[in-house]
Amino acid sequence: MKLGIRGRLFALSLGVIAIAVTVLNAYVSSELRTAIEDRMTEDLEVRARLIARQVEATPANVEWQSFAEEIGRRALARATLVAADGRVLGDSEVGASEIANVENHASRPEIIEALKTGRGAATRTSATVHHDLLYVAVRVDSSPVRIVRLARSLGPVETAVTRAHHLMWVGTMFALAVAAILSSVGSHLVSQSIRTLRTTAVAMLDDLSVRTRVRTDDEVGALAEALDSLADSLHRTVQHLGSERDRLAGILETMAEGVLLTDPNGRIVQANSSLRSMVGASGQLVGKEPIEAIRNDELAEIIGAVTKKQRPVTGEVDLIGIVPRRVLVRAAPLTVRGNHGVVAVLSDVTELRRLESLRRDFVANVSHELRTPIAAIRAAAETLEGGAVDDRVAARDFVGMIARHGERLHHLVEDLLELSRIEAQKLDLKPTHIEVPELLDHMIGLYALSASRHGIRLIAGSCPRSLVVTADRRALEQILSNLVDNAIKYASTGASVTLAATAMDREIVISVADTGPGIAAKHLPRLFERFYRVDRGRSRDVGGTGLGLSIVKHLTEALGGHVMVESWPGVGSTFTVYLPDKSAGQVPAPQEPRTEDAGLPHQP
Amino acid sequence: MPGYHTSRDFESELRELRAHLLAMGARCERSVQLALKAFIEGSAELIAEVKSLDRHIDRDEMESDELALRILALRQPVAHDLRLLATALKLVTDLERIGDEAVNIVERAEEAGEGSKLVPHPHLRSMADLTQQMLRDALDAFVDADIVRAERVRLGDDAVDELYAKTLGEMMSFMAQNPGRIPAAMGVVNVAKYLERIADHATNIAEEVIFMVAGHDVRHESQRPPFVEES
């Protein structure tokens with residue numbers, strides 16, 4: 001059986017009291033009995049000696065039986081007078097007629113002892129009376145009576161001892177009751193404070209701000225204080241760790257890179273929100289294996305390789321999904337308290353790779369574009385140097401060639417500079433009110449000669465008479481020049497180029513449509529890129545730099561508009577410039593450059 | 001995975017098989033996406049990549065089969081584990097076929113070259129998107145043991161069939177009007193057919209997932225007489 005502190009304390013005190021009382025009882029009763037008996041023995045001996053002196057003074061022929069009866073009455077005890085041979089001469093409790101029949105007393109222990117030493121004592125159960133009797137005998141020296149013996153009952157002694165016993169028992173019971181109450185109260189007080197401490201400690205499991213509030217000087221108070229300071233220190237540690245964790249979580253969440261952490265079993269234990277959006281994860285990531293959470297074999301292979309080799313691995317991975325992404329994965333082993341996991345950092349390099357390829361293409365294109373005219377100039381110069389300079393006709397040809405290619409180089413460099421000026425937004429744009437019909441007429445006038453030389457009809461299409469656009473005239477003229485020039489260059493003989501304009505939903509729309517060969521759909525998305533050419537050979541034949549449409553796009557955007565192209569192979573192409581209509585009062589916000597293809601026709 | 005197995009080896013073998021299947025599935029998804037991109041853009045690089053992915057997928061099929069058979073032979077699994085293994089064996093077949101269909105698509109891309117761009121195919125793009133979504137959902141359903149998602153994949157199959165019929169009709173009338181572009185139009189028709197087959201395989205995968213999770217076979221349900229208990 002299990003006892004609490006209270007029960008144990010109570011049982012212990014009861015045990016101690018019971019043992020003490022039992023020992024005391026035994027000791028006291030034996031001591032009491034001995035003391036009373038000693039007193040009685042001494043008392044009887046004194047009386048016996050006094051009687052002995054009286055016996056000595058008594059003549060020898062006296063009637064001893066009546067003498068015995070007399071002294072028996074006076075001494076308040078049974079008196080027996082015994083002769084030297086053991087014969088009983090008189091006894092106060094025996095009748096005179098029977099005295100001769102009393103058996104010889106010579107063998108009685110007290111009498112033997114008294115004859116030998118002068119006094120003797122013994123305790124025995126009398127044959128006549130039922131309780132113990134105390135016999136004390138004294139020797140008499142000069143008389144026929146040799147022994148005077150007195151006897152008294154021990155009954156009163158027993159009574160006294162029993163009474164004492166009773167008193168002791170009552171006292172014991174009382175003491176036990178008091179002890180029980182006191183120990184119960186004491187142990188209750190102790191166990192109650194311990195229970196309070198326990199309740200507080202349990203409450204601390206959930207809320208570390210709870211304190212015991214026990215302030216005593218005893219051991220319980222010390223325990224309470226220790227508990228409180230333990231809670232204080234735990235509270236501080238928890239707060240510290242909590243803020244540390246919040247800080248790290250905050251950093252992880254604000255990172256542009258996706259972060260993934262796995263445990264020794266290869267399951268994800270942490271993933272930040274960048275990772276989730278990067279992989280387009282909708283459900284729970286934590287607890288799954290990477291291949292389950294992000295179904296990408298290459299990523300899983302990288303993480304597997306790190307686990308196997310226990311060293312960092314880097315690789316690029318294509319994440320498929322609604323928005324395909326190219327992602328640089330840097331994965332490394334991570335050991336946290338002996339647990340080997342993997343941490344993978346995913347950075348989105350889609351845009352970076354696209355820009356890199358653009359730059360690569362640009363450098364390659366520029367060098368290529370520059371090389372061709374330079375090679376032609378060098379060849380012509382070398383030929384002249386080699387003797388052709390003396391041949392006037394040939395020399396004129398070669399010098400013409402040098403001039404033509406020099407001109408092309410000049411255009412190229414001019415276009416590049418123009419483009420970089422537009423891109424650096426250092427254009428000095430001065431918006432003025434331009435009458436669109438007049439502008440279109442002006443453009444047609446400018447290109448009439450060039451068009452007729454190519455056998456192309458230049459047509460003024462529909463245009464509202466009072467249409468006005470607010471824009472920088474020089475920029476707008478350059479945009480239209482480039483578009484019309486392109487149309488004339490690439491359309492075949494007999495084709496027509498139409499310039500038209502209209503106002504539409506807060507925008508002024510100017511279009512240049514040709515009935516040329518058209519452009520295949522695959523070229524359309526890249527048509528406005530620098531140096532992008534549908535047909536390299538043809539472009540160079542007609543003297544293009546490959547930058548014209550790029551300049552158109554950038555200039556239109558600088559004017560707050562955008563440009564679009566529609567084309568049907570075999571039917572023709574239409575380039576449309578959309579400019580904000582500032583006369584309508586509201587200026588639409590500059591739009592994102594829109595150069596997407598207009599799709600293929602449903603019916604050519 | 002419900003419960004744990006007494007044998008750590010068995011547990012890790014099953015996990016390995018799952019990871020294997022999922023990696024194979026990921027390759028198939030990538031392969032289909034790249035193949036469609038190759039068909040639209042006509043990039044030789046992408047064509048080569050799809051073909052190399054298909055070789056990898058074929059290797060995956062053999063490895064997964066071997067792994068599944070080894071587990072079957074050595075562990076004699078029951079209940080859910082047995083269904084997982086049976087599903088794995090069927091799943092790899094479907095995945096492998098999907099890899100083959102991706103190769104078919106890039107072969108049409110090779111033949112067509114630039115030609116396919118001269119054919120308008122307004123419904124092919126949405127068909128491609130839907131098919132890829134079905135494949136993604138089917139594999140997601142396998143990962144999460146998600147019957148609801150598997151059922152959704154089965155519903156998608158009809159929509160794909162409808163888009164296929166539409167594309168076919170459009171191509172017929174296009175070919176009638178542009179006899180010169182019949183080869184290119186045939187390429188589009190074939191790619192649509194391959195997409196329709198990929199959608200069928202995705203549907204199979206979804207049905208296998210339902211069998212794996214719920215333990216009842218949902219294939220060919222419409223052909224079965226009603227109220228007949230399966231033995």
# chains A, B, ... in the order shown; residues from 1 in each chain; ligands from 1
$ interface_residues --of "chain B" --to "chain A" --cutoff "6 Å" --atoms "only C-alpha atoms" --output "number ranges by chain"
B: 23, 26, 143
$ residues_around --residues "B:His20" --least-positions-apart "6" --cutoff "10 Å" --atoms "only C-alpha atoms" --output "PyMOL selection string"
(chain A and resi 291+297) or (chain B and resi 14+26+60-61+63-64+67+88+92)
$ write_last_selection --atoms "all heavy atoms" --output "CSV table (one decimal), in the first residue's frame"
chain,number,residue,atom,x,y,z
A,291,ILE,N,10.7,14.2,-53.6
A,291,ILE,CA,10.1,13.8,-54.9
A,291,ILE,C,8.6,13.8,-54.8
A,291,ILE,O,7.9,14.0,-55.8
A,291,ILE,CB,10.7,12.4,-55.3
A,291,ILE,CG1,10.2,12.0,-56.7
A,291,ILE,CG2,10.3,11.3,-54.3
A,291,ILE,CD1,10.8,12.7,-57.8
A,297,ASP,N,12.5,15.1,-60.9
A,297,ASP,CA,13.5,14.1,-60.8
A,297,ASP,C,14.9,14.6,-60.6
A,297,ASP,O,15.7,14.1,-59.9
A,297,ASP,CB,13.5,13.1,-62.0
A,297,ASP,CG,13.5,13.9,-63.3
A,297,ASP,OD1,12.6,14.8,-63.5
A,297,ASP,OD2,14.3,13.6,-64.2
B,14,LEU,N,9.9,-0.2,-49.9
B,14,LEU,CA,8.7,0.4,-50.5
B,14,LEU,C,8.9,1.8,-50.8
B,14,LEU,O,8.4,2.4,-51.8
B,14,LEU,CB,7.5,0.2,-49.5
B,14,LEU,CG,7.0,-1.2,-49.4
B,14,LEU,CD1,5.9,-1.3,-48.3
B,14,LEU,CD2,6.4,-1.7,-50.7
B,26,ALA,N,7.9,12.2,-62.9
B,26,ALA,CA,8.4,13.6,-63.2
B,26,ALA,C,9.0,13.6,-64.6
B,26,ALA,O,8.8,14.6,-65.3
B,26,ALA,CB,9.4,13.9,-62.1
B,60,ASP,N,14.0,3.4,-66.4
B,60,ASP,CA,13.2,3.4,-65.2
B,60,ASP,C,12.2,2.3,-65.1
B,60,ASP,O,12.0,1.7,-64.1
B,60,ASP,CB,12.4,4.8,-65.1
B,60,ASP,CG,13.2,5.9,-64.7
B,60,ASP,OD1,14.3,5.7,-64.1
B,60,ASP,OD2,12.9,7.1,-65.0
B,61,GLU,N,11.6,2.0,-66.3
B,61,GLU,CA,10.6,1.0,-66.3
B,61,GLU,C,11.1,-0.4,-65.9
B,61,GLU,O,10.6,-1.0,-65.0
B,61,GLU,CB,10.0,0.8,-67.7
B,61,GLU,CG,8.8,-0.2,-67.8
B,61,GLU,CD,8.5,-0.6,-69.2
B,61,GLU,OE1,9.3,-0.4,-70.1
B,61,GLU,OE2,7.4,-1.1,-69.4
B,63,GLU,N,13.9,-0.9,-64.1
B,63,GLU,CA,14.4,-0.9,-62.7
B,63,GLU,C,13.2,-1.0,-61.8
B,63,GLU,O,13.2,-1.8,-60.8
B,63,GLU,CB,15.1,0.4,-62.5
B,63,GLU,CG,16.5,0.3,-63.1
B,63,GLU,CD,17.2,1.7,-63.0
B,63,GLU,OE1,16.7,2.6,-62.4
B,63,GLU,OE2,18.3,1.8,-63.7
B,64,SER,N,12.1,-0.2,-62.1
B,64,SER,CA,11.0,-0.3,-61.2
B,64,SER,C,10.3,-1.7,-61.2
B,64,SER,O,10.0,-2.2,-60.1
B,64,SER,CB,9.9,0.8,-61.6
B,64,SER,OG,10.4,2.0,-61.5
B,67,LEU,N,12.5,-4.0,-59.1
B,67,LEU,CA,12.3,-3.7,-57.7
B,67,LEU,C,11.0,-4.2,-57.2
B,67,LEU,O,10.9,-4.9,-56.1
B,67,LEU,CB,12.4,-2.2,-57.5
B,67,LEU,CG,12.6,-1.6,-56.1
B,67,LEU,CD1,13.8,-2.2,-55.5
B,67,LEU,CD2,12.7,-0.1,-56.1
B,88,ALA,N,2.1,-0.4,-58.9
B,88,ALA,CA,3.4,0.0,-59.4
B,88,ALA,C,3.7,-0.7,-60.7
B,88,ALA,O,4.1,-0.1,-61.7
B,88,ALA,CB,4.5,-0.4,-58.4
B,92,VAL,N,4.0,1.7,-64.2
B,92,VAL,CA,5.3,1.8,-65.0
B,92,VAL,C,4.9,1.6,-66.5
B,92,VAL,O,5.5,2.3,-67.3
B,92,VAL,CB,6.4,0.9,-64.6
B,92,VAL,CG1,7.0,1.4,-63.3
B,92,VAL,CG2,6.0,-0.5,-64.5
$ closest_residue --among "B:Arg97, B:Arg152, B:Arg83, B:Arg59" --to "B:Ala206" --atoms "only C-alpha atoms"
B:Arg152
$ residues_around --residues "stretch 497-499 of chain A" --least-positions-apart "5" --cutoff "10 Å" --atoms "only C-alpha atoms" --output "number ranges by chain"
A: 437, 440-441, 443-444, 451, 456-463, 480, 484, 487-488, 491, 510-516, 572-576
$ residues_around --residues "B:Leu34" --least-positions-apart "5" --cutoff "8 Å" --atoms "only C-alpha atoms" --output "list in words"
Leu46, Ile47, Glu49 and Val50 of chain B
$ closest_atom_pairs --of "stretch 79-122 of chain B" --to "stretch 127-132 of chain B" --cutoff "12 Å" --atoms "only C-alpha atoms" --output "Markdown table"
| residue | atom | partner | partner_atom | distance |
| --- | --- | --- | --- | --- |
| B:Ile98 | CA | B:Gln132 | CA | 11.0 |
| B:Ala102 | CA | B:Gln132 | CA | 11.6 |
| B:Ile105 | CA | B:Ala128 | CA | 11.5 |
| B:His121 | CA | B:Met127 | CA | 10.3 |
| B:Pro122 | CA | B:Met127 | CA | 9.4 |
$ write_last_selection --atoms "all heavy atoms" --output "short mmCIF file (atom, residue, chain, number, x, y, z; two decimals), in the first residue's frame"
data_model
loop_
_atom_site.label_atom_id
_atom_site.label_comp_id
_atom_site.auth_asym_id
_atom_site.auth_seq_id
_atom_site.Cartn_x
_atom_site.Cartn_y
_atom_site.Cartn_z
N ILE B 98 3.62 6.79 -72.01
CA ILE B 98 3.56 8.25 -72.11
C ILE B 98 4.89 8.78 -72.66
O ILE B 98 4.91 9.65 -73.54
CB ILE B 98 3.24 8.88 -70.73
CG1 ILE B 98 1.80 8.56 -70.34
CG2 ILE B 98 3.45 10.39 -70.75
CD1 ILE B 98 1.41 8.99 -68.96
N ALA B 102 5.51 10.94 -76.11
CA ALA B 102 6.28 12.20 -76.19
C ALA B 102 7.27 12.11 -77.35
O ALA B 102 7.45 13.08 -78.11
CB ALA B 102 6.99 12.46 -74.88
N ILE B 105 5.53 12.67 -80.53
CA ILE B 105 5.26 14.09 -80.78
C ILE B 105 6.50 14.76 -81.38
O ILE B 105 6.41 15.49 -82.37
CB ILE B 105 4.82 14.80 -79.49
CG1 ILE B 105 3.46 14.26 -79.03
CG2 ILE B 105 4.73 16.32 -79.71
CD1 ILE B 105 3.00 14.81 -77.70
N HIS B 121 -4.15 25.90 -85.17
CA HIS B 121 -4.71 24.79 -84.37
C HIS B 121 -5.18 25.37 -83.03
O HIS B 121 -4.55 25.20 -82.00
CB HIS B 121 -3.70 23.68 -84.15
CG HIS B 121 -2.30 24.16 -83.88
ND1 HIS B 121 -1.94 24.79 -82.72
CD2 HIS B 121 -1.19 24.13 -84.66
CE1 HIS B 121 -0.66 25.09 -82.78
NE2 HIS B 121 -0.18 24.71 -83.93
N PRO B 122 -6.32 26.05 -83.06
CA PRO B 122 -6.78 26.79 -81.87
C PRO B 122 -7.03 25.88 -80.67
O PRO B 122 -6.91 26.33 -79.54
CB PRO B 122 -8.07 27.46 -82.34
CG PRO B 122 -8.50 26.69 -83.52
CD PRO B 122 -7.26 26.19 -84.17
#
